[in-house]
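Undergrad: Contents of target.txt (compact mmCIF, C-alpha atoms and all ligand atoms) are given next:
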# COMPACT_ATOMS: atom_id res chain seq x y z
CA MET A 1 -14.18 11.27 -26.33
CA ILE A 2 -10.78 12.13 -24.82
CA ALA A 3 -11.09 9.09 -22.56
CA ALA A 4 -11.59 6.78 -25.56
CA LEU A 5 -8.77 8.44 -27.52
CA SER A 6 -6.53 8.15 -24.49
CA LYS A 7 -7.39 4.48 -23.96
CA TYR A 8 -7.30 3.25 -27.54
CA VAL A 9 -4.78 5.64 -29.12
CA PHE A 10 -2.48 7.48 -26.71
CA HIS A 11 -1.86 4.65 -24.23
CA PRO A 12 -0.93 2.04 -26.90
CA LEU A 13 1.14 4.62 -28.83
CA TRP A 14 3.01 5.64 -25.72
CA ASP A 15 3.85 2.06 -24.85
CA LEU A 16 4.95 1.37 -28.42
CA LYS A 17 7.18 4.44 -28.44
CA GLU A 18 8.74 3.52 -25.08
CA GLY A 19 9.08 -0.16 -26.03
CA SER A 20 7.05 -0.88 -22.90
CA GLN A 21 5.55 -4.24 -21.91
CA ARG A 22 2.98 -2.58 -19.68
CA LEU A 23 -0.12 -3.14 -21.81
CA THR A 24 0.98 -6.64 -22.86
CA GLU A 25 1.41 -7.66 -19.23
CA TRP A 26 -1.84 -5.94 -18.29
CA ARG A 27 -3.77 -8.01 -20.89
CA ARG A 28 -2.10 -11.15 -19.54
CA LEU A 29 -3.12 -10.24 -15.96
CA GLU A 30 -6.67 -9.43 -17.07
CA SER A 31 -7.05 -12.99 -18.32
CA MET A 32 -5.01 -14.63 -15.56
CA GLN A 33 -7.14 -13.18 -12.74
CA TRP A 34 -9.91 -15.61 -13.79
CA TRP A 35 -7.69 -18.71 -13.67
CA ASP A 36 -8.41 -21.04 -10.79
CA GLU A 37 -6.20 -20.84 -7.73
CA ALA A 38 -4.21 -24.00 -8.55
CA GLU A 39 -3.28 -22.68 -12.02
CA LEU A 40 -2.26 -19.35 -10.51
CA ARG A 41 -0.16 -21.06 -7.84
CA ASN A 42 1.54 -23.14 -10.49
CA TYR A 43 2.38 -20.06 -12.56
CA GLN A 44 3.61 -18.29 -9.42
CA THR A 45 5.84 -21.22 -8.43
CA GLN A 46 7.48 -21.16 -11.88
CA ARG A 47 8.23 -17.46 -11.47
CA LEU A 48 9.43 -17.96 -7.90
CA LYS A 49 11.78 -20.70 -9.04
CA ALA A 50 13.13 -18.44 -11.80
CA MET A 51 13.70 -15.53 -9.42
CA VAL A 52 15.38 -17.63 -6.72
CA GLY A 53 17.59 -19.39 -9.28
CA TYR A 54 18.54 -16.02 -10.78
CA SER A 55 19.36 -14.55 -7.36
CA ALA A 56 21.58 -17.53 -6.52
CA LYS A 57 23.57 -16.72 -9.65
CA HIS A 58 23.58 -12.94 -9.80
CA SER A 59 22.95 -11.41 -6.36
CA TRP A 60 25.99 -11.47 -4.10
CA TYR A 61 23.81 -11.14 -1.01
CA TYR A 62 21.47 -14.05 -1.75
CA ARG A 63 24.19 -16.29 -3.20
CA ASN A 64 26.03 -16.04 0.11
CA LEU A 65 22.90 -16.27 2.23
CA PHE A 66 21.84 -19.49 0.47
CA LYS A 67 25.34 -20.94 0.70
CA SER A 68 25.83 -20.16 4.38
CA ASN A 69 22.52 -21.92 5.11
CA GLY A 70 23.44 -24.99 3.09
CA LEU A 71 20.83 -24.23 0.43
CA SER A 72 21.37 -24.64 -3.28
CA PHE A 73 18.95 -23.36 -5.91
CA THR A 74 19.44 -23.83 -9.61
CA ASP A 75 17.10 -23.88 -12.59
CA ASP A 76 16.38 -27.60 -12.07
CA ASN A 77 16.82 -27.67 -8.33
CA PHE A 78 14.08 -25.83 -6.43
CA SER A 79 11.71 -26.90 -3.71
CA LEU A 80 9.27 -24.80 -1.72
CA GLU A 81 10.42 -26.68 1.35
CA ASP A 82 14.00 -25.43 0.88
CA PHE A 83 12.78 -21.98 -0.06
CA LYS A 84 11.05 -21.70 3.31
CA LYS A 85 14.41 -22.30 5.01
CA VAL A 86 15.84 -19.09 3.55
CA PRO A 87 16.27 -16.65 6.46
CA VAL A 88 13.98 -13.64 6.34
CA THR A 89 15.53 -10.42 4.98
CA THR A 90 14.93 -7.31 7.10
CA LYS A 91 15.00 -3.62 6.22
CA LYS A 92 18.18 -3.29 8.23
CA GLU A 93 19.96 -5.79 6.00
CA VAL A 94 18.77 -4.02 2.85
CA ARG A 95 20.07 -0.75 4.24
CA ASN A 96 23.42 -2.19 5.36
CA PHE A 97 24.15 -4.32 2.28
CA LEU A 98 22.38 -2.42 -0.49
CA PRO A 99 25.05 -2.79 -3.24
CA GLN A 100 25.24 -6.54 -2.59
CA PHE A 101 21.51 -7.00 -3.24
CA ILE A 102 21.70 -5.45 -6.71
CA SER A 103 22.09 -7.96 -9.52
CA GLU A 104 25.58 -8.18 -10.97
CA GLN A 105 23.99 -8.23 -14.40
CA PHE A 106 22.75 -4.65 -14.06
CA GLN A 107 24.59 -1.34 -13.81
CA ARG A 108 23.13 0.71 -11.00
CA ASP A 109 22.85 3.68 -13.39
CA ASN A 110 20.51 1.71 -15.66
CA LEU A 111 18.09 0.97 -12.83
CA VAL A 112 15.29 3.18 -11.55
CA GLN A 113 16.07 4.48 -8.09
CA ALA A 114 13.38 4.95 -5.44
CA LYS A 115 13.12 5.65 -1.75
CA THR A 116 10.44 4.29 0.53
CA GLY A 117 8.09 6.86 2.04
CA GLY A 118 9.24 6.07 5.53
CA SER A 119 5.75 5.67 6.96
CA THR A 120 7.25 3.51 9.69
CA GLY A 121 10.12 5.92 10.13
CA VAL A 122 12.32 3.68 8.00
CA SER A 123 13.62 5.11 4.78
CA LEU A 124 15.12 2.67 2.27
CA GLU A 125 16.90 3.10 -1.02
CA LEU A 126 15.71 0.69 -3.73
CA TYR A 127 16.44 -0.05 -7.38
CA PHE A 128 14.11 -1.48 -10.03
CA ASP A 129 14.70 -2.68 -13.56
CA LYS A 130 12.59 -1.28 -16.40
CA THR A 131 10.51 -4.41 -17.02
CA CYS A 132 9.74 -4.63 -13.32
CA GLN A 133 8.39 -1.07 -13.41
CA GLU A 134 6.24 -1.91 -16.43
CA TYR A 135 4.87 -5.07 -14.79
CA ARG A 136 4.05 -3.12 -11.64
CA ASN A 137 2.22 -0.49 -13.65
CA ALA A 138 0.31 -3.27 -15.40
CA ALA A 139 -0.85 -4.75 -12.08
CA GLN A 140 -1.90 -1.33 -10.94
CA LEU A 141 -3.95 -0.84 -14.12
CA MET A 142 -5.76 -4.12 -13.52
CA ALA A 143 -6.50 -3.22 -9.89
CA ASP A 144 -7.48 0.37 -10.77
CA ARG A 145 -10.14 -1.05 -13.08
CA TRP A 146 -11.61 -3.12 -10.22
CA SER A 147 -12.64 0.19 -8.64
CA GLY A 148 -14.89 1.10 -11.59
CA TRP A 149 -12.38 3.39 -13.33
CA ASP A 150 -11.13 2.54 -16.84
CA ILE A 151 -7.98 3.29 -18.82
CA GLY A 152 -8.08 6.75 -20.38
CA GLN A 153 -10.52 8.25 -17.86
CA ALA A 154 -9.43 11.24 -15.81
CA LYS A 155 -8.31 10.69 -12.22
CA ALA A 156 -8.18 12.79 -9.09
CA ALA A 157 -5.31 12.18 -6.71
CA VAL A 158 -5.16 13.30 -3.11
CA TRP A 159 -1.44 13.00 -2.76
CA GLY A 160 1.70 14.51 -1.27
CA ASN A 161 4.18 16.25 -3.56
CA PRO A 162 2.30 16.01 -6.89
CA PRO A 163 4.52 15.94 -9.96
CA THR A 164 4.65 19.11 -12.08
CA PRO A 165 4.96 18.31 -15.79
CA VAL A 166 8.02 19.98 -17.33
CA GLY A 167 8.62 20.30 -21.06
CA LEU A 168 6.37 19.49 -24.01
CA LYS A 169 6.70 15.70 -23.70
CA GLN A 170 5.63 15.65 -20.05
CA VAL A 171 2.84 18.18 -20.61
CA LEU A 172 1.46 16.07 -23.49
CA ARG A 173 1.75 12.93 -21.43
CA HIS A 174 -0.03 14.65 -18.56
CA HIS A 175 -3.00 15.76 -20.70
CA LEU A 176 -3.39 12.76 -23.01
CA HIS A 177 -2.08 9.84 -21.01
CA ASP A 178 -2.10 10.38 -17.24
CA ARG A 179 -5.09 12.75 -17.09
CA THR A 180 -4.75 13.32 -13.35
CA ILE A 181 -5.65 16.32 -11.19
CA TYR A 182 -3.99 16.65 -7.80
CA LEU A 183 -4.87 17.85 -4.36
CA ASP A 184 -1.57 18.29 -2.53
CA THR A 185 -1.78 16.68 0.92
CA MET A 186 1.26 18.58 2.08
CA ASP A 187 -0.99 21.58 2.55
CA LEU A 188 -4.65 20.69 2.94
CA ASN A 189 -6.69 23.74 3.85
CA PRO A 190 -10.16 25.12 2.97
CA ASP A 191 -8.72 27.23 0.13
CA SER A 192 -6.78 24.41 -1.51
CA MET A 193 -9.76 22.05 -1.15
CA ASN A 194 -12.14 24.62 -2.58
CA GLU A 195 -9.85 25.16 -5.55
CA PHE A 196 -9.64 21.40 -6.04
CA VAL A 197 -13.44 21.15 -6.07
CA ALA A 198 -13.55 23.76 -8.85
CA HIS A 199 -10.86 21.86 -10.78
CA TRP A 200 -12.81 18.61 -10.26
CA ARG A 201 -15.98 20.16 -11.69
CA ARG A 202 -14.11 21.20 -14.86
CA VAL A 203 -12.28 17.87 -15.39
CA LYS A 204 -14.90 15.48 -13.91
CA PRO A 205 -12.49 12.68 -12.89
CA GLU A 206 -13.95 9.16 -12.80
CA ALA A 207 -11.92 8.02 -9.82
CA VAL A 208 -10.12 9.38 -6.80
CA PHE A 209 -6.88 7.91 -5.44
CA GLY A 210 -5.01 8.67 -2.24
CA HIS A 211 -4.05 7.73 1.29
CA ALA A 212 -7.22 6.79 3.15
CA HIS A 213 -6.83 9.47 5.75
CA SER A 214 -6.20 12.22 3.21
CA ILE A 215 -9.28 11.23 1.18
CA PHE A 216 -11.17 11.20 4.47
CA ILE A 217 -10.18 14.77 5.27
CA PHE A 218 -11.30 15.92 1.82
CA ALA A 219 -14.54 13.91 2.13
CA LYS A 220 -15.21 15.54 5.50
CA TYR A 221 -14.71 18.95 3.95
CA LEU A 222 -17.28 18.05 1.28
CA VAL A 223 -19.81 16.84 3.85
CA ASP A 224 -19.27 19.82 6.17
CA ASN A 225 -19.72 22.23 3.25
CA GLN A 226 -22.64 20.32 1.75
CA ILE A 227 -20.84 19.76 -1.54
CA GLY A 228 -22.67 16.79 -3.05
CA ASP A 229 -21.90 16.82 -6.76
CA LEU A 230 -18.53 15.05 -6.90
CA ARG A 231 -19.46 11.59 -8.16
CA PRO A 232 -16.55 9.34 -9.18
CA ARG A 233 -17.08 5.73 -10.30
CA GLY A 234 -14.31 4.55 -8.01
CA ILE A 235 -12.34 5.51 -4.92
CA VAL A 236 -9.02 3.81 -4.30
CA ALA A 237 -7.57 4.13 -0.82
CA THR A 238 -3.97 3.12 -1.29
CA SER A 239 -3.00 3.31 2.33
CA MET A 240 -3.34 0.26 4.49
CA MET A 241 -4.89 2.32 7.23
CA LEU A 242 -8.50 2.57 6.14
CA LEU A 243 -10.59 2.84 9.31
CA ASP A 244 -14.25 1.82 9.22
CA HIS A 245 -15.57 5.21 10.26
CA GLU A 246 -13.42 6.91 7.59
CA ARG A 247 -14.63 4.51 4.95
CA LYS A 248 -18.26 5.25 5.85
CA LEU A 249 -17.82 9.00 5.63
CA ILE A 250 -15.88 8.81 2.34
CA GLU A 251 -18.62 6.62 0.83
CA GLN A 252 -21.26 9.04 2.07
CA ALA A 253 -19.45 12.08 0.61
CA PHE A 254 -18.98 10.57 -2.85
CA GLU A 255 -21.89 8.06 -2.91
CA CYS A 256 -19.41 5.48 -4.12
CA PRO A 257 -17.77 2.44 -2.49
CA VAL A 258 -14.13 2.65 -1.39
CA THR A 259 -11.68 0.13 -2.86
CA ASN A 260 -9.07 -0.67 -0.25
CA ARG A 261 -5.61 -1.45 -1.53
CA TYR A 262 -2.37 -2.60 0.02
CA GLY A 263 1.02 -2.08 -1.54
CA CYS A 264 4.48 -0.84 -0.75
CA GLU A 265 7.34 0.80 -2.58
CA GLU A 266 9.46 -2.31 -2.27
CA VAL A 267 7.25 -4.66 -4.33
CA GLY A 268 4.37 -2.54 -5.67
CA LEU A 269 0.81 -3.85 -5.53
CA ILE A 270 0.38 -6.59 -2.92
CA ALA A 271 -3.41 -6.92 -2.65
CA CYS A 272 -6.55 -5.00 -3.59
CA GLU A 273 -10.30 -5.28 -3.13
CA CYS A 274 -12.38 -6.19 -6.17
CA GLU A 275 -15.88 -4.84 -6.82
CA GLU A 276 -17.21 -7.13 -4.05
CA HIS A 277 -15.21 -5.21 -1.38
CA ASP A 278 -14.87 -8.33 0.71
CA GLY A 279 -11.17 -8.82 1.46
CA MET A 280 -8.26 -8.04 -0.85
CA HIS A 281 -7.11 -10.24 -3.75
CA ILE A 282 -3.40 -10.97 -3.57
CA ASN A 283 -1.31 -10.07 -6.63
CA THR A 284 -0.22 -13.72 -6.94
CA PRO A 285 1.44 -13.46 -10.39
CA HIS A 286 3.83 -10.75 -9.14
CA VAL A 287 4.48 -11.37 -5.48
CA PHE A 288 4.82 -14.42 -3.24
CA VAL A 289 3.21 -13.53 0.10
CA GLU A 290 3.87 -15.41 3.35
CA LEU A 291 2.39 -14.74 6.79
CA LEU A 292 4.71 -15.81 9.58
CA ASP A 293 4.67 -16.04 13.36
CA SER A 294 7.41 -14.78 15.70
CA ASN A 295 9.53 -17.87 14.90
CA ASP A 296 9.13 -17.25 11.15
CA GLN A 297 6.80 -20.24 10.81
CA PRO A 298 3.59 -20.01 8.75
CA VAL A 299 0.45 -18.94 10.63
CA LYS A 300 -2.98 -20.50 10.05
CA PRO A 301 -5.72 -18.74 8.11
CA GLY A 302 -7.48 -16.22 10.36
CA GLU A 303 -4.40 -15.67 12.52
CA PRO A 304 -2.34 -12.49 12.28
CA GLY A 305 1.11 -12.97 10.81
CA LYS A 306 4.06 -10.83 9.85
CA ILE A 307 3.96 -10.20 6.13
CA VAL A 308 6.99 -11.55 4.25
CA LEU A 309 7.26 -10.88 0.52
CA THR A 310 9.21 -12.23 -2.42
CA ASP A 311 9.15 -9.96 -5.44
CA LEU A 312 8.77 -11.93 -8.68
CA ASN A 313 9.41 -8.98 -11.03
CA ASN A 314 12.53 -7.13 -9.95
CA TYR A 315 15.60 -8.83 -11.39
CA GLY A 316 17.54 -5.59 -10.92
CA MET A 317 17.46 -5.89 -7.14
CA PRO A 318 15.98 -9.18 -5.94
CA LEU A 319 14.12 -9.19 -2.63
CA ILE A 320 13.48 -12.66 -1.26
CA ARG A 321 11.50 -13.37 1.89
CA TYR A 322 11.56 -9.69 2.76
CA ARG A 323 9.82 -8.61 5.98
CA VAL A 324 7.89 -5.48 5.20
CA GLU A 325 6.92 -4.85 8.86
CA ASP A 326 3.18 -5.08 8.35
CA VAL A 327 0.86 -7.64 9.91
CA GLY A 328 -1.94 -9.34 7.98
CA VAL A 329 -4.52 -12.11 8.13
CA TYR A 330 -5.23 -14.40 5.18
CA SER A 331 -8.25 -16.49 4.34
CA GLU A 332 -8.78 -19.68 2.37
CA ARG A 333 -12.28 -18.72 1.28
CA SER A 334 -12.90 -17.72 -2.31
CA CYS A 335 -14.49 -14.46 -3.38
CA ARG A 336 -17.97 -14.21 -4.90
CA CYS A 337 -16.47 -12.49 -7.96
CA GLY A 338 -14.97 -15.80 -9.12
CA ARG A 339 -11.35 -14.63 -9.40
CA GLY A 340 -8.80 -17.26 -8.42
CA LEU A 341 -6.52 -14.74 -6.72
CA PRO A 342 -6.39 -15.66 -3.00
CA ILE A 343 -7.65 -13.36 -0.26
CA LEU A 344 -5.85 -11.21 2.27
CA GLU A 345 -8.61 -10.74 4.82
CA ARG A 346 -7.28 -7.67 6.54
CA LEU A 347 -4.26 -5.78 7.73
CA GLU A 348 -3.75 -5.44 11.44
CA GLY A 349 -1.45 -2.47 11.15
CA ARG A 350 2.26 -2.01 10.93
CA VAL A 351 4.38 -3.83 13.45
CA ALA A 352 5.72 -0.47 14.58
CA ASP A 353 2.19 0.72 15.30
CA PHE A 354 1.57 -1.76 18.09
CA LEU A 355 1.80 -0.32 21.59
CA VAL A 356 3.40 -2.21 24.44
CA LEU A 357 1.43 -3.16 27.54
CA PRO A 358 3.11 -3.23 30.97
CA SER A 359 2.47 -6.99 30.90
CA GLY A 360 4.72 -7.25 27.83
CA GLY A 361 1.78 -7.82 25.47
CA GLN A 362 1.15 -5.67 22.41
CA VAL A 363 -1.94 -3.83 21.34
CA ALA A 364 -2.60 -2.62 17.79
CA GLY A 365 -2.75 1.15 18.10
CA ILE A 366 -4.98 1.29 15.06
CA SER A 367 -7.59 -0.95 16.68
CA LEU A 368 -7.39 1.02 19.90
CA ILE A 369 -8.00 4.25 18.03
CA GLU A 370 -10.77 2.77 15.95
CA ARG A 371 -12.55 1.50 19.03
CA THR A 372 -12.12 4.79 20.86
CA LEU A 373 -13.21 6.96 17.94
CA SER A 374 -16.31 4.90 17.33
CA ARG A 375 -17.41 5.21 20.97
CA ILE A 376 -16.29 8.60 22.30
CA PRO A 377 -17.92 11.62 20.67
CA GLY A 378 -16.12 14.93 20.37
CA ILE A 379 -12.86 13.81 18.76
CA GLU A 380 -12.00 14.68 15.20
CA GLN A 381 -8.63 13.09 15.06
CA MET A 382 -6.28 11.39 17.43
CA GLN A 383 -2.80 10.00 17.56
CA LEU A 384 -1.24 7.82 20.23
CA VAL A 385 2.38 8.27 21.11
CA GLN A 386 3.84 5.80 23.54
CA GLU A 387 6.81 7.71 24.95
CA SER A 388 7.79 4.96 27.36
CA ILE A 389 6.31 1.80 28.84
CA ASP A 390 4.48 3.94 31.45
CA LEU A 391 3.58 7.07 29.46
CA ILE A 392 1.18 7.49 26.57
CA THR A 393 0.51 10.87 25.03
CA ILE A 394 -2.72 11.33 23.12
CA ASN A 395 -2.64 14.07 20.53
CA ARG A 396 -6.26 14.99 20.16
CA VAL A 397 -8.05 17.33 17.76
CA LYS A 398 -11.41 18.53 19.12
CA GLY A 399 -14.48 17.68 17.08
CA HIS A 400 -17.50 19.96 16.69
CA ASP A 401 -19.34 17.91 19.32
CA TYR A 402 -16.52 18.17 21.88
CA ASP A 403 -17.70 18.78 25.46
CA ALA A 404 -16.64 18.33 29.10
CA ASN A 405 -17.24 14.57 28.89
CA THR A 406 -14.95 13.93 25.93
CA ASP A 407 -11.55 13.83 27.59
CA PRO A 408 -12.66 11.87 30.69
CA GLY A 409 -14.38 9.44 28.30
CA LEU A 410 -11.19 9.16 26.26
CA ILE A 411 -9.09 8.38 29.36
CA GLN A 412 -11.67 5.86 30.53
CA ALA A 413 -11.64 4.08 27.17
CA MET A 414 -7.85 3.88 27.28
CA ARG A 415 -8.02 2.52 30.83
CA GLU A 416 -9.80 -0.58 29.52
CA THR A 417 -6.49 -1.46 27.90
CA PHE A 418 -3.85 0.27 30.01
CA ASP A 419 -3.97 0.04 33.81
CA GLU A 420 -3.11 2.79 36.34
CA SER A 421 0.63 2.11 36.06
CA VAL A 422 0.56 3.86 32.68
CA ARG A 423 0.23 7.64 32.74
CA ILE A 424 -2.07 8.94 29.99
CA GLU A 425 -1.77 12.58 28.95
CA ILE A 426 -3.92 14.42 26.46
CA ASN A 427 -2.43 17.08 24.19
CA ASP A 428 -4.93 19.48 22.67
CA VAL A 429 -3.67 19.99 19.11
CA GLY A 430 -5.07 21.77 16.05
CA ALA A 431 -4.03 19.04 13.64
CA ILE A 432 -2.01 15.84 13.58
CA ALA A 433 1.35 16.44 11.95
CA GLN A 434 2.03 14.47 8.80
CA GLU A 435 5.10 12.49 7.83
CA PRO A 436 7.25 14.28 5.25
CA SER A 437 5.87 11.74 2.71
CA GLY A 438 2.34 13.00 3.36
CA LYS A 439 1.21 9.93 5.29
CA TYR A 440 -0.31 10.10 8.74
CA ARG A 441 0.73 7.87 11.59
CA PHE A 442 -2.04 7.02 13.99
CA SER A 443 0.10 5.48 16.63
CA ILE A 444 3.77 5.77 17.35
CA CYS A 445 5.62 3.50 19.71
CA LYS A 446 8.94 4.75 21.03
CA VAL A 447 9.47 1.82 23.39
ZN ZN B 501 -13.29 -10.72 -5.65
Translate the structure of the given file into structure tokens.
Ligand SMILES: [Zn+2]

TA:
Amino acid sequence: MIAALSKYVFHPLWDLKEGSQRLTEWRRLESMQWWDEAELRNYQTQRLKAMVGYSAKHSWYYRNLFKSNGLSFTDDNFSLEDFKKVPVTTKKEVRNFLPQFISEQFQRDNLVQAKTGGSTGVSLELYFDKTCQEYRNAAQLMADRWSGWDIGQAKAAVWGNPPTPVGLKQVLRHHLHDRTIYLDTMDLNPDSMNEFVAHWRRVKPEAVFGHAHSIFIFAKYLVDNQIGDLRPRGIVATSMMLLDHERKLIEQAFECPVTNRYGCEEVGLIACECEEHDGMHINTPHVFVELLDSNDQPVKPGEPGKIVLTDLNNYGMPLIRYRVEDVGVYSERSCRCGRGLPILERLEGRVADFLVLPSGGQVAGISLIERTLSRIPGIEQMQLVQESIDLITINRVKGHDYDANTDPGLIQAMRETFDESVRIEINDVGAIAQEPSGKYRFSICKV
């Protein structure tokens, strides 16, 4: 009853009151997702052209970048070929030239300010215009519904720093509109998880959202304590780092498939699995995604490439060909669901998460950990820290099946990748420390 009221009454009323385009854009996306790929590409190119033309006029940074590279973009003069000559923008440039990125048509005070979570150790200040925020929320609504959840239904969030509603307006919004219960990942312990289970049973949320690893820890608590009555319709893992063994345990704990999602603060939703759970559909109407090699040239389907994004929504602070420091693989196959949105096959991990081999090669820490965890029993959690080219520290949390063979097995598994010139040390730790944002880092490279 409350779910229906929330969906059909409170959500539309709230948008009307706020003058928001969120639901309008959501309805547009709901229909657009079924367009064929060519139609979607065409729509995307129109929006790309508009954003690049706008940036040439109103962003000091891009106007000068285009000019110094002999590129000219106007409303009638745009080619993808020229667009691909625009040098890639890095986080460093955004940090160093922040005011110059912001559109001259906006006052900074009228924009929404945000900071990135710093999951790669990089914290960035960003600004969004109001419409951009509404469009991003619309895309999130569409993707949330792919998980099995629907507008108006209660949600559970396993999240760091949950918001506390203040004042009547926020309290009303919380109960009638957002309908979310939180488990704070800044302090996950048996007591807080037990309390959350009780809260869950009262509210009966239809979906759970959170960083993959945080949901995993909660799922493990449920399995270990034989709690088998939490049954959401959807689970959305919003972190890119969803390991296979974590996914399996989460699905076992909730008897529900996990929907893997990839996004970032800078551009919002990038890609998300649909109900087929076979690769992630790219948010084509809102973001132009490129996968590039080390020379910033496009990679082929199936090959890992550095993810470079152009935001098509944020006129307040344009980001064009922005390197987000993640690595992904795309595919040209279409999904069984019939949506025309193209497929991001998988994420290989953040660039920063690759470890360096003495040979100069790189190895994805996430893959190394996944392989090790799936083969060596006795480890609950591990984190690789490459202190230098010849020293790797493994922070290891003992599992219940830990025995005398675990650590030698762990070293041996690492030796398949790193030869004797690399010292490998194991630290016995009680837990892996979290980032201040609440995210976990599985591998840290200090080289
Ligand atoms: Zn699909």

Undergrad: Name the residues in contact with range 302-314 of chain A at a cut-off of 9 Å, using only C-alpha atoms, excluding same-chain residues fewer than 3 positions from it; report them as an mmCIF file with C-alpha atoms, keeping the file's coordinate frame.

TA:
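The resulting file, part22.cif, is shown below:
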data_model
loop_
_atom_site.group_PDB
_atom_site.id
_atom_site.type_symbol
_atom_site.label_atom_id
_atom_site.label_comp_id
_atom_site.auth_asym_id
_atom_site.auth_seq_id
_atom_site.Cartn_x
_atom_site.Cartn_y
_atom_site.Cartn_z
ATOM 1 C CA GLN A 44 3.610 -18.290 -9.420
ATOM 2 C CA ARG A 47 8.230 -17.460 -11.470
ATOM 3 C CA LEU A 48 9.430 -17.960 -7.900
ATOM 4 C CA ALA A 50 13.130 -18.440 -11.800
ATOM 5 C CA MET A 51 13.700 -15.530 -9.420
ATOM 6 C CA VAL A 52 15.380 -17.630 -6.720
ATOM 7 C CA VAL A 88 13.980 -13.640 6.340
ATOM 8 C CA THR A 89 15.530 -10.420 4.980
ATOM 9 C CA TYR A 127 16.440 -0.050 -7.380
ATOM 10 C CA PHE A 128 14.110 -1.480 -10.030
ATOM 11 C CA ASP A 129 14.700 -2.680 -13.560
ATOM 12 C CA LYS A 130 12.590 -1.280 -16.400
ATOM 13 C CA THR A 131 10.510 -4.410 -17.020
ATOM 14 C CA CYS A 132 9.740 -4.630 -13.320
ATOM 15 C CA GLN A 133 8.390 -1.070 -13.410
ATOM 16 C CA TYR A 135 4.870 -5.070 -14.790
ATOM 17 C CA ARG A 136 4.050 -3.120 -11.640
ATOM 18 C CA GLU A 266 9.460 -2.310 -2.270
ATOM 19 C CA VAL A 267 7.250 -4.660 -4.330
ATOM 20 C CA GLY A 268 4.370 -2.540 -5.670
ATOM 21 C CA ILE A 270 0.380 -6.590 -2.920
ATOM 22 C CA PRO A 285 1.440 -13.460 -10.390
ATOM 23 C CA HIS A 286 3.830 -10.750 -9.140
ATOM 24 C CA VAL A 287 4.480 -11.370 -5.480
ATOM 25 C CA PHE A 288 4.820 -14.420 -3.240
ATOM 26 C CA VAL A 289 3.210 -13.530 0.100
ATOM 27 C CA GLU A 290 3.870 -15.410 3.350
ATOM 28 C CA LEU A 291 2.390 -14.740 6.790
ATOM 29 C CA LEU A 292 4.710 -15.810 9.580
ATOM 30 C CA ASP A 293 4.670 -16.040 13.360
ATOM 31 C CA SER A 294 7.410 -14.780 15.700
ATOM 32 C CA ASP A 296 9.130 -17.250 11.150
ATOM 33 C CA PRO A 298 3.590 -20.010 8.750
ATOM 34 C CA VAL A 299 0.450 -18.940 10.630
ATOM 35 C CA MET A 317 17.460 -5.890 -7.140
ATOM 36 C CA PRO A 318 15.980 -9.180 -5.940
ATOM 37 C CA LEU A 319 14.120 -9.190 -2.630
ATOM 38 C CA ILE A 320 13.480 -12.660 -1.260
ATOM 39 C CA ARG A 321 11.500 -13.370 1.890
ATOM 40 C CA TYR A 322 11.560 -9.690 2.760
ATOM 41 C CA ARG A 323 9.820 -8.610 5.980
ATOM 42 C CA VAL A 324 7.890 -5.480 5.200
ATOM 43 C CA GLU A 325 6.920 -4.850 8.860
ATOM 44 C CA ASP A 326 3.180 -5.080 8.350
ATOM 45 C CA VAL A 327 0.860 -7.640 9.910
ATOM 46 C CA GLY A 328 -1.940 -9.340 7.980
ATOM 47 C CA VAL A 329 -4.520 -12.110 8.130
ATOM 48 C CA TYR A 330 -5.230 -14.400 5.180
ATOM 49 C CA SER A 331 -8.250 -16.490 4.340
ATOM 50 C CA GLU A 332 -8.780 -19.680 2.370
ATOM 51 C CA GLU A 345 -8.610 -10.740 4.820
ATOM 52 C CA ARG A 346 -7.280 -7.670 6.540
ATOM 53 C CA LEU A 347 -4.260 -5.780 7.730
ATOM 54 C CA GLU A 348 -3.750 -5.440 11.440
ATOM 55 C CA VAL A 351 4.380 -3.830 13.450
#

Undergrad: Neighbouring residues of ligand ZN 501 (chain B) are defined here as those with any atom at most 7 Å from a ligand atom, counting all atoms listed in the file; list them as a VMD selection string.

TA: chain A and resid 273 to 276 278 281 335 to 339

Undergrad: Residues within 8 Å of range 10-27 of chain A, please, as a PyMOL selection string. Count all atoms listed in the file; anything in the same chain fewer than 5 positions from it doesn't count.

TA: chain A and resi 5+131+134-135+137-139+141-142+152+176-177

Undergrad: CA of Glu81 in chain A to CA of Tyr62 in chain A: how many Å, to one decimal?

TA: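 Here the two named atoms are 17.1 Å from each other.
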
Undergrad: Would you please work out which residue, of A:Met382, A:Met32, A:Val356, A:Ala404, is nearest to Ile432 in chain A when using all atoms listed in the file?

TA: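 Selected residue with least distance to Ile432 in chain A: A:Met382.
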
Undergrad: A:Gly234, A:Gly279, A:Pro358, A:Pro377: which is nearest Asp144 in chain A, counting all atoms listed in the file?

TA: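 Once distances to Asp144 in chain A are computed over all atoms listed in the file, the minimum belongs to A:Gly234.
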
Undergrad: Taking only C-alpha atoms into account, name the residue in A:Ile424, A:Phe209, A:Pro408, A:Ser214 that is nearest to Leu188 in chain A.

TA: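 Smallest separation from Leu188 in chain A among the options: A:Ser214.
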
Undergrad: Leaving out Gln153 in chain A and any residue of its chain fewer than 5 positions from it, which residues lie within 8 Å of it when counting only C-alpha atoms, given as a ChimeraX atom specification?

TA: /A:2-4,6-7,179,205-206

Undergrad: Quick one: 4 Å padding each side, axis-aligned, all listed atoms of range 287-298 of chain A - centre and edge lengths in Å to one decimal, as lines of an AutoDock Vina configuration file?

TA:
center_x = 6.0
center_y = -15.8
center_z = 5.1
size_x = 15.1
size_y = 16.9
size_z = 29.2
